[in-house]
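As stored in entry-v6.txt (compact mmCIF, C-alpha atoms):
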# COMPACT_ATOMS: atom_id res chain seq x y z
CA MET A 1 -1.93 87.34 75.88
CA PHE A 2 0.40 90.22 76.38
CA LYS A 3 1.38 90.33 72.85
CA LYS A 4 1.50 93.81 71.66
CA GLU A 5 -0.49 94.47 68.71
CA GLY A 6 0.68 96.45 65.80
CA LYS A 7 2.43 95.89 62.56
CA LYS A 8 5.69 94.03 62.62
CA GLU A 9 7.94 95.91 60.31
CA VAL A 10 11.40 94.92 59.32
CA PRO A 11 13.51 97.87 60.37
CA ALA A 12 15.29 99.67 57.59
CA MET A 13 18.87 98.62 57.14
CA GLU A 14 21.38 100.82 58.85
CA THR A 15 23.37 102.33 56.03
CA SER A 16 25.31 105.00 57.80
CA SER A 17 28.32 102.75 58.37
CA ILE A 18 28.76 101.92 54.69
CA SER A 19 30.37 105.27 54.11
CA ASP A 20 32.81 104.62 56.93
CA ILE A 21 33.79 101.32 55.40
CA VAL A 22 34.24 102.88 52.00
CA PHE A 23 36.28 105.69 53.47
CA MET A 24 38.52 103.14 55.06
CA PHE A 25 39.00 101.55 51.65
CA LEU A 26 39.75 104.94 50.23
CA PHE A 27 42.42 105.68 52.79
CA PHE A 28 43.94 102.28 52.25
CA PHE A 29 44.31 102.92 48.56
CA MET A 30 45.55 106.44 49.08
CA VAL A 31 48.30 105.16 51.34
CA THR A 32 49.38 102.13 49.32
CA THR A 33 49.38 103.71 45.90
CA GLN A 34 51.02 106.63 44.31
CA LEU A 35 49.60 109.04 41.85
CA ARG A 36 50.33 108.24 38.28
CA SER A 37 52.43 111.16 37.29
CA THR A 38 53.12 110.39 33.67
CA GLU A 39 51.29 108.62 30.99
CA ASN A 40 53.01 105.69 29.39
CA LYS A 41 53.71 106.34 25.79
CA VAL A 42 55.77 103.26 25.18
CA GLN A 43 54.87 99.65 25.61
CA VAL A 44 56.89 98.24 28.43
CA ARG A 45 56.75 94.61 29.36
CA ILE A 46 59.12 94.48 32.28
CA PRO A 47 61.41 91.46 32.49
CA SER A 48 61.25 89.29 35.56
CA ALA A 49 64.02 88.52 38.00
CA SER A 50 63.98 86.49 41.17
CA GLU A 51 66.42 88.71 43.02
CA ALA A 52 64.60 91.96 42.42
CA VAL A 53 64.50 94.19 45.46
CA LYS A 54 62.09 96.91 46.38
CA LEU A 55 62.83 100.48 45.46
CA GLU A 56 63.60 102.22 48.72
CA ARG A 57 62.71 105.83 48.20
CA LYS A 58 60.12 106.25 45.55
CA ASP A 59 60.13 110.02 45.77
CA LEU A 60 63.84 110.11 44.96
CA SER A 61 63.61 108.15 41.77
CA SER A 62 63.08 109.29 38.24
CA TYR A 63 62.01 107.06 35.46
CA ILE A 64 63.28 106.45 31.97
CA ASN A 65 60.93 104.38 29.86
CA VAL A 66 62.33 102.53 26.89
CA GLY A 67 60.25 100.64 24.38
CA THR A 68 58.24 100.85 21.22
CA PRO A 69 55.50 103.49 21.09
CA ILE A 70 52.03 102.33 22.09
CA ARG A 71 49.78 101.25 19.28
CA SER A 72 47.80 104.46 19.00
CA LEU A 73 51.01 106.44 18.57
CA GLN A 74 52.72 104.10 16.15
CA ALA A 75 51.22 105.82 13.15
CA GLN A 76 52.82 109.03 14.27
CA TYR A 77 56.11 107.84 15.70
CA GLY A 78 56.73 104.50 14.03
CA ASN A 79 57.61 101.34 15.87
CA GLU A 80 61.28 101.90 16.52
CA THR A 81 62.40 101.69 20.12
CA ARG A 82 62.13 105.10 21.70
CA ILE A 83 63.02 106.72 24.99
CA GLN A 84 60.32 108.41 26.99
CA LEU A 85 61.27 111.04 29.53
CA ASN A 86 58.40 112.55 31.49
CA ASP A 87 55.67 112.85 28.92
CA SER A 88 57.40 112.95 25.60
CA PHE A 89 59.69 111.03 23.32
CA ARG A 90 63.28 112.09 23.63
CA THR A 91 66.72 111.04 22.54
CA THR A 92 69.73 110.14 24.63
CA LYS A 93 70.98 113.71 24.33
CA ASP A 94 68.04 114.97 26.38
CA ILE A 95 68.88 112.76 29.32
CA ARG A 96 71.37 115.30 30.59
CA ASP A 97 68.71 117.99 30.87
CA PHE A 98 66.26 115.53 32.31
CA VAL A 99 68.65 114.46 35.05
CA ALA A 100 69.53 118.07 35.79
CA ALA A 101 65.86 118.99 36.09
CA GLU A 102 65.15 116.03 38.33
CA ARG A 103 68.09 116.93 40.53
CA GLU A 104 66.90 120.48 40.76
CA SER A 105 63.51 119.39 42.06
CA MET A 106 65.02 117.51 44.97
CA SER A 107 66.26 118.92 48.21
CA GLU A 108 70.00 119.24 48.47
CA ALA A 109 70.39 116.48 51.02
CA ASP A 110 68.50 114.01 48.89
CA ARG A 111 70.38 114.58 45.66
CA ALA A 112 73.05 112.04 46.45
CA PHE A 113 70.41 109.36 46.79
CA MET A 114 68.76 109.97 43.48
CA THR A 115 68.02 106.75 41.65
CA VAL A 116 67.34 106.54 37.97
CA CYS A 117 64.97 103.73 37.25
CA ILE A 118 65.29 102.27 33.79
CA LYS A 119 62.03 100.72 32.72
CA ALA A 120 62.80 98.94 29.54
CA ASP A 121 60.82 96.47 27.51
CA GLN A 122 62.22 92.98 27.59
CA ASN A 123 62.74 92.91 23.84
CA THR A 124 64.76 96.10 23.79
CA ARG A 125 68.26 95.76 22.37
CA MET A 126 71.09 96.55 24.74
CA GLY A 127 72.55 99.16 22.41
CA ILE A 128 70.11 101.83 23.46
CA ILE A 129 70.42 100.83 27.12
CA THR A 130 74.19 101.14 26.87
CA ASP A 131 73.80 104.60 25.38
CA ILE A 132 71.54 105.61 28.25
CA LYS A 133 73.97 104.22 30.78
CA GLN A 134 76.89 106.07 29.22
CA GLU A 135 74.90 109.30 29.24
CA LEU A 136 73.95 108.76 32.88
CA ARG A 137 77.57 108.21 33.74
CA ARG A 138 78.46 111.41 31.98
CA CYS A 139 76.08 113.40 34.15
CA SER A 140 77.12 111.32 37.17
CA ALA A 141 73.75 109.88 38.01
CA LEU A 142 75.33 106.64 39.04
CA LYS A 143 72.63 104.99 41.08
CA ILE A 144 70.44 103.11 38.69
CA MET A 145 67.90 100.40 38.89
CA TYR A 146 66.84 97.99 36.21
CA SER A 147 63.14 97.66 36.67
CA ALA A 148 62.04 94.03 36.97
CA THR A 149 59.17 92.16 38.46
CA ARG A 150 59.92 89.78 41.24
CA THR A 151 59.27 86.12 40.67
CA GLN A 152 59.28 83.37 43.20
CA ASP A 153 61.34 80.38 42.37
CA MET B 154 2.84 121.55 72.03
CA GLY B 155 4.60 118.30 71.42
CA LYS B 156 8.34 117.99 71.26
CA ARG B 157 9.49 118.34 67.72
CA SER B 158 12.11 115.79 66.93
CA THR B 159 14.73 116.77 64.42
CA PRO B 160 14.68 114.44 61.46
CA GLY B 161 17.80 112.34 61.13
CA LEU B 162 20.25 113.40 58.51
CA ASN B 163 19.91 111.26 55.47
CA THR B 164 23.34 109.69 55.12
CA SER B 165 22.72 107.12 52.45
CA SER B 166 24.35 109.26 49.79
CA THR B 167 27.65 109.74 51.63
CA ALA B 168 28.46 106.16 50.73
CA ASP B 169 27.98 107.01 47.07
CA ILE B 170 30.19 110.04 47.36
CA ALA B 171 32.88 108.00 49.09
CA PHE B 172 32.62 105.38 46.37
CA LEU B 173 33.14 108.03 43.72
CA LEU B 174 36.26 109.24 45.50
CA LEU B 175 37.47 105.66 45.81
CA CYS B 176 36.99 105.06 42.09
CA TYR B 177 38.82 108.28 41.28
CA PHE B 178 41.85 107.25 43.30
CA LEU B 179 41.77 103.75 41.91
CA MET B 180 41.95 105.13 38.41
CA THR B 181 44.64 107.71 38.94
CA SER B 182 47.07 105.75 41.07
CA THR B 183 49.39 102.85 40.58
CA MET B 184 49.97 100.08 43.01
CA GLY B 185 53.14 100.91 44.85
CA SER B 186 55.36 97.93 44.50
CA HIS B 187 58.25 98.90 42.36
CA THR B 188 60.97 96.31 42.22
CA GLY B 189 64.16 95.91 40.28
CA LEU B 190 67.85 95.20 40.30
CA SER B 191 69.90 97.95 41.87
CA ARG B 192 73.24 98.82 40.33
CA ARG B 193 75.92 101.41 40.70
CA LEU B 194 77.56 102.65 37.55
CA PRO B 195 81.27 103.37 37.59
CA PRO B 196 82.03 107.08 37.35
CA MET B 197 83.10 108.41 33.99
CA PRO B 198 86.88 108.54 33.75
CA ASP B 199 88.20 112.05 33.56
CA GLU B 200 89.19 112.98 30.04
CA ASN B 201 92.23 114.95 31.12
CA GLN B 202 93.40 112.16 33.28
CA LYS B 203 95.19 109.43 31.50
CA ALA B 204 93.14 106.31 31.54
CA GLN B 205 95.24 104.23 33.81
CA GLU B 206 94.93 100.60 33.11
CA GLN B 207 93.68 98.95 36.21
CA LYS B 208 96.05 96.16 36.77
CA VAL B 209 94.03 93.18 37.79
CA ASN B 210 95.45 89.75 37.84
CA ARG B 211 94.08 87.56 35.11
CA ARG B 212 93.04 84.84 37.45
CA ASN B 213 90.86 87.29 39.37
CA ILE B 214 88.60 88.08 36.45
CA ILE B 215 85.84 86.05 34.96
CA LEU B 216 84.50 87.36 31.73
CA VAL B 217 80.79 86.89 31.27
CA ARG B 218 79.83 87.69 27.74
CA ILE B 219 76.43 87.79 26.05
CA ASN B 220 76.55 88.04 22.29
CA SER B 221 73.96 89.43 19.93
CA GLN B 222 72.24 86.05 19.66
CA ASP B 223 71.78 86.06 23.44
CA ALA B 224 74.26 83.21 23.77
CA LEU B 225 76.14 83.27 27.03
CA PHE B 226 79.85 82.67 27.54
CA ALA B 227 81.55 82.44 30.89
CA GLY B 228 85.29 82.59 30.56
CA THR B 229 85.75 81.06 27.14
CA GLU B 230 83.24 78.27 26.98
CA PRO B 231 79.53 78.65 26.22
CA ILE B 232 77.28 78.04 29.18
CA ASP B 233 73.59 77.95 29.95
CA VAL B 234 72.04 80.63 32.15
CA SER B 235 70.95 78.01 34.66
CA GLN B 236 74.54 76.92 35.22
CA LEU B 237 75.97 80.39 35.53
CA LYS B 238 75.13 80.78 39.20
CA ASP B 239 77.09 77.70 40.27
CA LYS B 240 80.00 78.66 38.09
CA ILE B 241 80.12 82.10 39.65
CA LYS B 242 79.88 80.64 43.13
CA ILE B 243 82.80 78.33 42.49
CA PHE B 244 84.69 81.24 40.97
CA LEU B 245 84.10 83.48 43.96
CA THR B 246 84.77 80.89 46.64
CA ASN B 247 87.58 78.92 45.00
CA PRO B 248 87.02 76.03 47.39
CA THR B 249 90.07 73.97 46.43
CA ASN B 250 92.44 76.94 45.99
CA LEU B 251 93.12 76.30 42.35
CA PRO B 252 95.77 78.53 40.83
CA ASN B 253 93.54 79.61 37.95
CA LEU B 254 90.73 80.84 40.20
CA PRO B 255 90.84 84.11 42.17
CA GLU B 256 93.24 84.56 45.01
CA LYS B 257 92.05 85.29 48.50
CA LYS B 258 93.45 87.96 50.70
CA MET B 259 93.35 88.37 54.44
CA GLU B 260 91.45 91.54 55.08
CA ASP B 261 90.46 93.45 58.14
CA ILE B 262 86.71 93.48 58.33
CA LYS B 263 85.45 96.66 59.89
CA GLY B 264 83.18 95.95 62.84
CA LEU B 265 84.19 92.36 63.18
CA GLY B 266 87.66 92.94 64.56
CA GLU B 267 89.02 89.84 62.96
CA LYS B 268 90.63 89.08 59.68
CA ARG B 269 88.89 87.00 57.12
CA LEU B 270 89.76 85.65 53.73
CA VAL B 271 88.12 87.75 51.07
CA SER B 272 87.97 86.69 47.48
CA GLN B 273 89.48 89.12 45.03
CA GLY B 274 87.35 87.93 42.16
CA VAL B 275 85.76 90.40 39.81
CA ILE B 276 82.98 89.53 37.42
CA SER B 277 83.25 91.40 34.20
CA LEU B 278 80.03 91.58 32.26
CA GLN B 279 80.12 92.34 28.57
CA ASN B 280 77.26 92.63 26.20
CA ASP B 281 76.73 93.34 22.57
CA ARG B 282 74.57 96.13 21.26
CA GLY B 283 72.24 93.50 19.87
CA THR B 284 71.75 91.62 23.12
CA SER B 285 68.15 91.61 24.26
CA TYR B 286 67.36 93.30 27.53
CA GLN B 287 65.64 90.21 28.82
CA ALA B 288 68.76 88.07 28.46
CA TYR B 289 70.84 90.80 30.04
CA ILE B 290 68.55 91.02 33.07
CA ALA B 291 68.49 87.23 33.36
CA VAL B 292 72.28 87.17 33.52
CA GLN B 293 72.42 90.08 35.97
CA ASN B 294 69.90 88.25 38.07
CA GLU B 295 71.99 85.09 38.16
CA LEU B 296 75.06 87.07 39.19
CA VAL B 297 73.16 88.75 42.00
CA LYS B 298 71.71 85.43 43.04
CA ALA B 299 75.15 83.84 43.27
CA VAL B 300 76.41 86.66 45.48
CA ASN B 301 73.25 86.62 47.60
CA GLU B 302 73.58 82.90 48.23
CA LEU B 303 77.22 83.28 49.21
CA ARG B 304 76.25 86.08 51.57
CA ASP B 305 73.56 83.90 53.07
CA GLU B 306 76.08 81.15 53.64
CA ALA B 307 78.55 83.58 55.20
CA ALA B 308 75.83 85.01 57.42
CA MET B 309 74.82 81.53 58.53
CA ALA B 310 78.42 80.67 59.38
CA GLU B 311 79.08 83.95 61.16
CA PHE B 312 75.84 84.81 62.89
CA GLY B 313 73.67 81.75 62.49
CA ARG B 314 70.99 83.62 60.61
CA THR B 315 70.21 84.40 57.02
CA PHE B 316 71.55 87.61 55.56
CA PHE B 317 68.07 89.08 55.38
CA ALA B 318 67.49 88.59 59.11
CA LEU B 319 70.65 90.43 60.16
CA ASN B 320 70.71 94.02 61.30
CA GLU B 321 72.36 96.71 59.26
CA ASP B 322 75.81 96.57 60.88
CA GLN B 323 75.96 92.83 60.52
CA GLN B 324 74.88 93.11 56.93
CA ASP B 325 77.73 95.53 56.31
CA ILE B 326 80.16 93.03 57.78
CA ILE B 327 78.89 90.29 55.51
CA LYS B 328 78.98 92.65 52.55
CA ALA B 329 82.64 93.30 53.28
CA MET B 330 83.31 89.60 53.50
CA VAL B 331 81.52 88.81 50.27
CA PRO B 332 81.80 91.85 48.06
CA GLN B 333 79.66 92.15 45.00
CA GLN B 334 82.16 93.06 42.35
CA ILE B 335 80.45 93.23 39.01
CA SER B 336 82.11 95.47 36.50
CA GLU B 337 80.31 96.38 33.37
CA ALA B 338 82.80 96.84 30.65
CA GLU B 339 83.10 100.04 28.74
CA PRO B 340 81.12 99.72 25.56
CA LYS B 341 83.41 98.92 22.72
CA ASP B 342 83.83 101.24 19.80
CA VAL B 343 84.20 98.37 17.43
CA THR B 344 80.51 97.85 17.11
CA LYS B 345 79.92 101.54 16.70
CA LYS B 346 82.17 101.79 13.69
CA ARG B 347 80.33 99.01 11.99
CA ARG B 348 77.12 100.96 11.84
Please express what this file holds, its structure, as structure tokens.
Amino acid sequence: MFKKEGKKEVPAMETSSISDIVFMFLFFFMVTTQLRSTENKVQVRIPSASEAVKLERKDLSSYINVGTPIRSLQAQYGNETRIQLNDSFRTTKDIRDFVAAERESMSEADRAFMTVCIKADQNTRMGIITDIKQELRRCSALKIMYSATRTQD
Amino acid sequence: MGKRSTPGLNTSSTADIAFLLLCYFLMTSTMGSHTGLSRRLPPMPDENQKAQEQKVNRRNIILVRINSQDALFAGTEPIDVSQLKDKIKIFLTNPTNLPNLPEKKMEDIKGLGEKRLVSQGVISLQNDRGTSYQAYIAVQNELVKAVNELRDEAAMAEFGRTFFALNEDQQDIIKAMVPQQISEAEPKDVTKKRR
């Protein structure tokens, strides 16, 4: 009787909130992740350990990658185990400069807390790791961390 | 003249823009959970200074050795990685006060105000140049696990909570009671000469 006449249209879906949701996602990822600063040039399959603890100050850590070059670089560099500092292949002798440069980039108060994170492939021989450790001792970067994934047991 | 209504801003594309940004950050970032085993290296001995032999009683040292075939030795006998933890725990606690296991010393624990028996045991870890990193980490992990379990037990006895649940001061007390003494031996020159 009192029914209004006129077309019954399904109202268009409200899309304005999608962007808000996506922005929330975006902020979540921006907070929980860190920018990838260097490109991996060596294959690193990190060993696992049940007692691994979280790295406390990520901004105070520098990384030494040890492993065989990735497949696309093997033609150029061979498949011997190499050390990667920042973006290039280096030898143990360059660690001294690397540590000095990393120290320089930190504020004076933070230098004592610098951690060197050794990311080595699980098939690496200990010889090269020992060399790295000796070199780190020589330039008194004594806080180190063996990178390992945490496993539940 | 009728009221002219302003047309609503078309916002459907902001979602696309936000998605693009999201994808960009997803590609360029790494998930931030970096874990590992923390260690402190001993400082390099001064060259001018005469290397003074640290006199440590033989009974206070357990030698954990990994050879180039990744075989593990604790003391003198070969041992499996899975048994290492218990061996280390017995070594560090010395429950029956055997004369060939580490001695215990009464020590003042800072913050506790009481004296407690502290084991003097030192774990000496040696590896060959040919040892694989994986085996090395597995052994390190077992050593840390042994110490962590002992600390948990000490925390339970002292404060009635696990080590993890304690506050920082209490953790320091427990750390003093159960020190983590892992010494990594100086690399030997013997293997270097062979190359």
Do you have, as CSV, the list of residues of chain A lying at most 8 Å from chain B, each with its nearest atom pair and that distance in Å to one decimal, counting all atoms listed in the file and ordered by chain then number?
residue,atom,partner,partner_atom,distance
A:Thr15,CA,B:Ser165,CA,6.0
A:Ser16,CA,B:Thr164,CA,5.7
A:Ile18,CA,B:Ala168,CA,5.8
A:Ser19,CA,B:Ala168,CA,4.0
A:Asp20,CA,B:Ala168,CA,7.7
A:Val22,CA,B:Ala171,CA,6.0
A:Phe23,CA,B:Ala171,CA,6.0
A:Phe25,CA,B:Leu175,CA,7.3
A:Leu26,CA,B:Leu175,CA,5.0
A:Phe29,CA,B:Leu179,CA,7.2
A:Met30,CA,B:Phe178,CA,6.9
A:Thr32,CA,B:Gly185,CA,6.0
A:Thr33,CA,B:Met184,CA,4.7
A:Gln34,CA,B:Ser182,CA,5.2
A:Leu35,CA,B:Ser182,CA,4.2
A:Arg36,CA,B:Ser182,CA,5.0
A:Pro47,CA,B:Gln287,CA,5.7
A:Ser48,CA,B:Ala291,CA,7.8
A:Ala49,CA,B:Asn294,CA,5.9
A:Ser50,CA,B:Asn294,CA,6.9
A:Glu51,CA,B:Asn294,CA,6.1
A:Ala52,CA,B:Gly189,CA,4.5
A:Val53,CA,B:Thr188,CA,5.2
A:Lys54,CA,B:Thr188,CA,4.3
A:Leu55,CA,B:Thr188,CA,5.6
A:Ala120,CA,B:Tyr286,CA,7.5
A:Asp121,CA,B:Tyr286,CA,7.3
A:Gln122,CA,B:Gln287,CA,4.6
A:Asn123,CA,B:Ser285,CA,5.6
A:Thr124,CA,B:Tyr286,CA,5.3
A:Arg125,CA,B:Ser285,CA,4.6
A:Met126,CA,B:Arg282,CA,4.9
A:Gly127,CA,B:Arg282,CA,3.8
A:Ile128,CA,B:Arg282,CA,7.6
A:Thr130,CA,B:Pro340,CA,7.2
A:Lys133,CA,B:Leu194,CA,7.8
A:Arg137,CA,B:Met197,CA,5.5
A:Arg138,CA,B:Met197,CA,5.9
A:Ser140,CA,B:Pro196,CA,6.5
A:Leu142,CA,B:Leu194,CA,4.8
A:Lys143,CA,B:Arg193,CA,4.9
A:Ile144,CA,B:Arg192,CA,5.4
A:Met145,CA,B:Ser191,CA,4.3
A:Tyr146,CA,B:Leu190,CA,5.1
A:Ser147,CA,B:Gly189,CA,4.1
A:Ala148,CA,B:Gly189,CA,4.4
A:Thr149,CA,B:Thr188,CA,5.9
A:Arg150,CA,B:Thr188,CA,6.7
Who sits within 9 Å of segment 305-307 of chain B, only C-alpha atoms, same chain under 3 positions skipped, as an mmCIF file with C-alpha atoms, keeping the file's coordinate frame:
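As a result, result_26.cif now contains:
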data_model
loop_
_atom_site.group_PDB
_atom_site.id
_atom_site.type_symbol
_atom_site.label_atom_id
_atom_site.label_comp_id
_atom_site.auth_asym_id
_atom_site.auth_seq_id
_atom_site.Cartn_x
_atom_site.Cartn_y
_atom_site.Cartn_z
ATOM 1 C CA VAL B 300 76.410 86.660 45.480
ATOM 2 C CA ASN B 301 73.250 86.620 47.600
ATOM 3 C CA GLU B 302 73.580 82.900 48.230
ATOM 4 C CA ALA B 310 78.420 80.670 59.380
ATOM 5 C CA GLU B 311 79.080 83.950 61.160
ATOM 6 C CA PHE B 312 75.840 84.810 62.890
ATOM 7 C CA GLY B 313 73.670 81.750 62.490
ATOM 8 C CA ARG B 314 70.990 83.620 60.610
ATOM 9 C CA THR B 315 70.210 84.400 57.020
ATOM 10 C CA PHE B 316 71.550 87.610 55.560
ATOM 11 C CA PHE B 317 68.070 89.080 55.380
ATOM 12 C CA ILE B 327 78.890 90.290 55.510
ATOM 13 C CA MET B 330 83.310 89.600 53.500
ATOM 14 C CA VAL B 331 81.520 88.810 50.270
#
Quick check, in Å to one decimal: how far apart do atom CA of Ile241 of chain B and atom CA of Leu303 of chain B lie?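 We find that atom CA of Ile241 of chain B and atom CA of Leu303 of chain B lie 10.1 Å from each other.
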Every residue with an atom at most 10 Å from (74.1, 112.6, 32.6) (file coordinates; all atoms listed in the file) is what I'm after, so could you write them as an MDAnalysis selection string? chainID A and resid 92:100 132:142
Emit the selected residues as a PDB file, keeping the file's coordinate frame, including C-alpha atoms.
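Once written, result.pdb looks like this:
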ATOM      1  CA  THR A  92      69.730 110.140  24.630  1.00  0.00           C
ATOM      2  CA  LYS A  93      70.980 113.710  24.330  1.00  0.00           C
ATOM      3  CA  ASP A  94      68.040 114.970  26.380  1.00  0.00           C
ATOM      4  CA  ILE A  95      68.880 112.760  29.320  1.00  0.00           C
ATOM      5  CA  ARG A  96      71.370 115.300  30.590  1.00  0.00           C
ATOM      6  CA  ASP A  97      68.710 117.990  30.870  1.00  0.00           C
ATOM      7  CA  PHE A  98      66.260 115.530  32.310  1.00  0.00           C
ATOM      8  CA  VAL A  99      68.650 114.460  35.050  1.00  0.00           C
ATOM      9  CA  ALA A 100      69.530 118.070  35.790  1.00  0.00           C
ATOM     10  CA  ILE A 132      71.540 105.610  28.250  1.00  0.00           C
ATOM     11  CA  LYS A 133      73.970 104.220  30.780  1.00  0.00           C
ATOM     12  CA  GLN A 134      76.890 106.070  29.220  1.00  0.00           C
ATOM     13  CA  GLU A 135      74.900 109.300  29.240  1.00  0.00           C
ATOM     14  CA  LEU A 136      73.950 108.760  32.880  1.00  0.00           C
ATOM     15  CA  ARG A 137      77.570 108.210  33.740  1.00  0.00           C
ATOM     16  CA  ARG A 138      78.460 111.410  31.980  1.00  0.00           C
ATOM     17  CA  CYS A 139      76.080 113.400  34.150  1.00  0.00           C
ATOM     18  CA  SER A 140      77.120 111.320  37.170  1.00  0.00           C
ATOM     19  CA  ALA A 141      73.750 109.880  38.010  1.00  0.00           C
ATOM     20  CA  LEU A 142      75.330 106.640  39.040  1.00  0.00           C
TER      21      LEU A 142
END
Using all atoms listed in the file, which protein or nucleic acid residues come within 8 Å of segment 252-255 of chain B? Drop anything in the same chain fewer than 4 positions from it, and give the result as a list in words.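 So, after excluding close chain neighbours, the residues are Arg212, Asn213, Ile214, Phe244, Leu245, Asn247, Ser272, Gln273 and Gly274 of chain B.
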Keeping C-alpha atoms, export the residues of the selection given above as a tab-separated table (two decimals), keeping the file's coordinate frame.
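Result file is result.tsv:
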chain	number	residue	atom	x	y	z
B	212	ARG	CA	93.04	84.84	37.45
B	213	ASN	CA	90.86	87.29	39.37
B	214	ILE	CA	88.60	88.08	36.45
B	244	PHE	CA	84.69	81.24	40.97
B	245	LEU	CA	84.10	83.48	43.96
B	247	ASN	CA	87.58	78.92	45.00
B	272	SER	CA	87.97	86.69	47.48
B	273	GLN	CA	89.48	89.12	45.03
B	274	GLY	CA	87.35	87.93	42.16
re atom CA of Ile219 of chain B and atom CA of Ser235 of chain B: distance 14.1 Å
Put a box with edges along x, y and z around all the listed atoms of segment 282-301 of chain B, pad it by 5 Å on each side, then give me its centre and sizes in Å, one decimal, as JSON.
{"center_x": 71.0, "center_y": 90.0, "center_z": 33.7, "size_x": 20.8, "size_y": 22.3, "size_z": 37.7}
Min atom-atom distance to Met106 of chain A from the set A:Asp59, A:Glu9, A:Phe28, A:Val42, counting only C-alpha atoms, belongs to A:Asp59
A straight line from atom CA of Ile129 of chain A to atom CA of Ser336 of chain B spans 15.9 Å
**Report entry** Minimum-distance residue to Glu56 of chain A, chosen among A:Met13, A:Gln152, A:Thr115, A:Thr91 (using all atoms listed in the file)
**Finding:**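 When distances to Glu56 of chain A are compared using all atoms listed in the file, the smallest one comes from A:Thr115.
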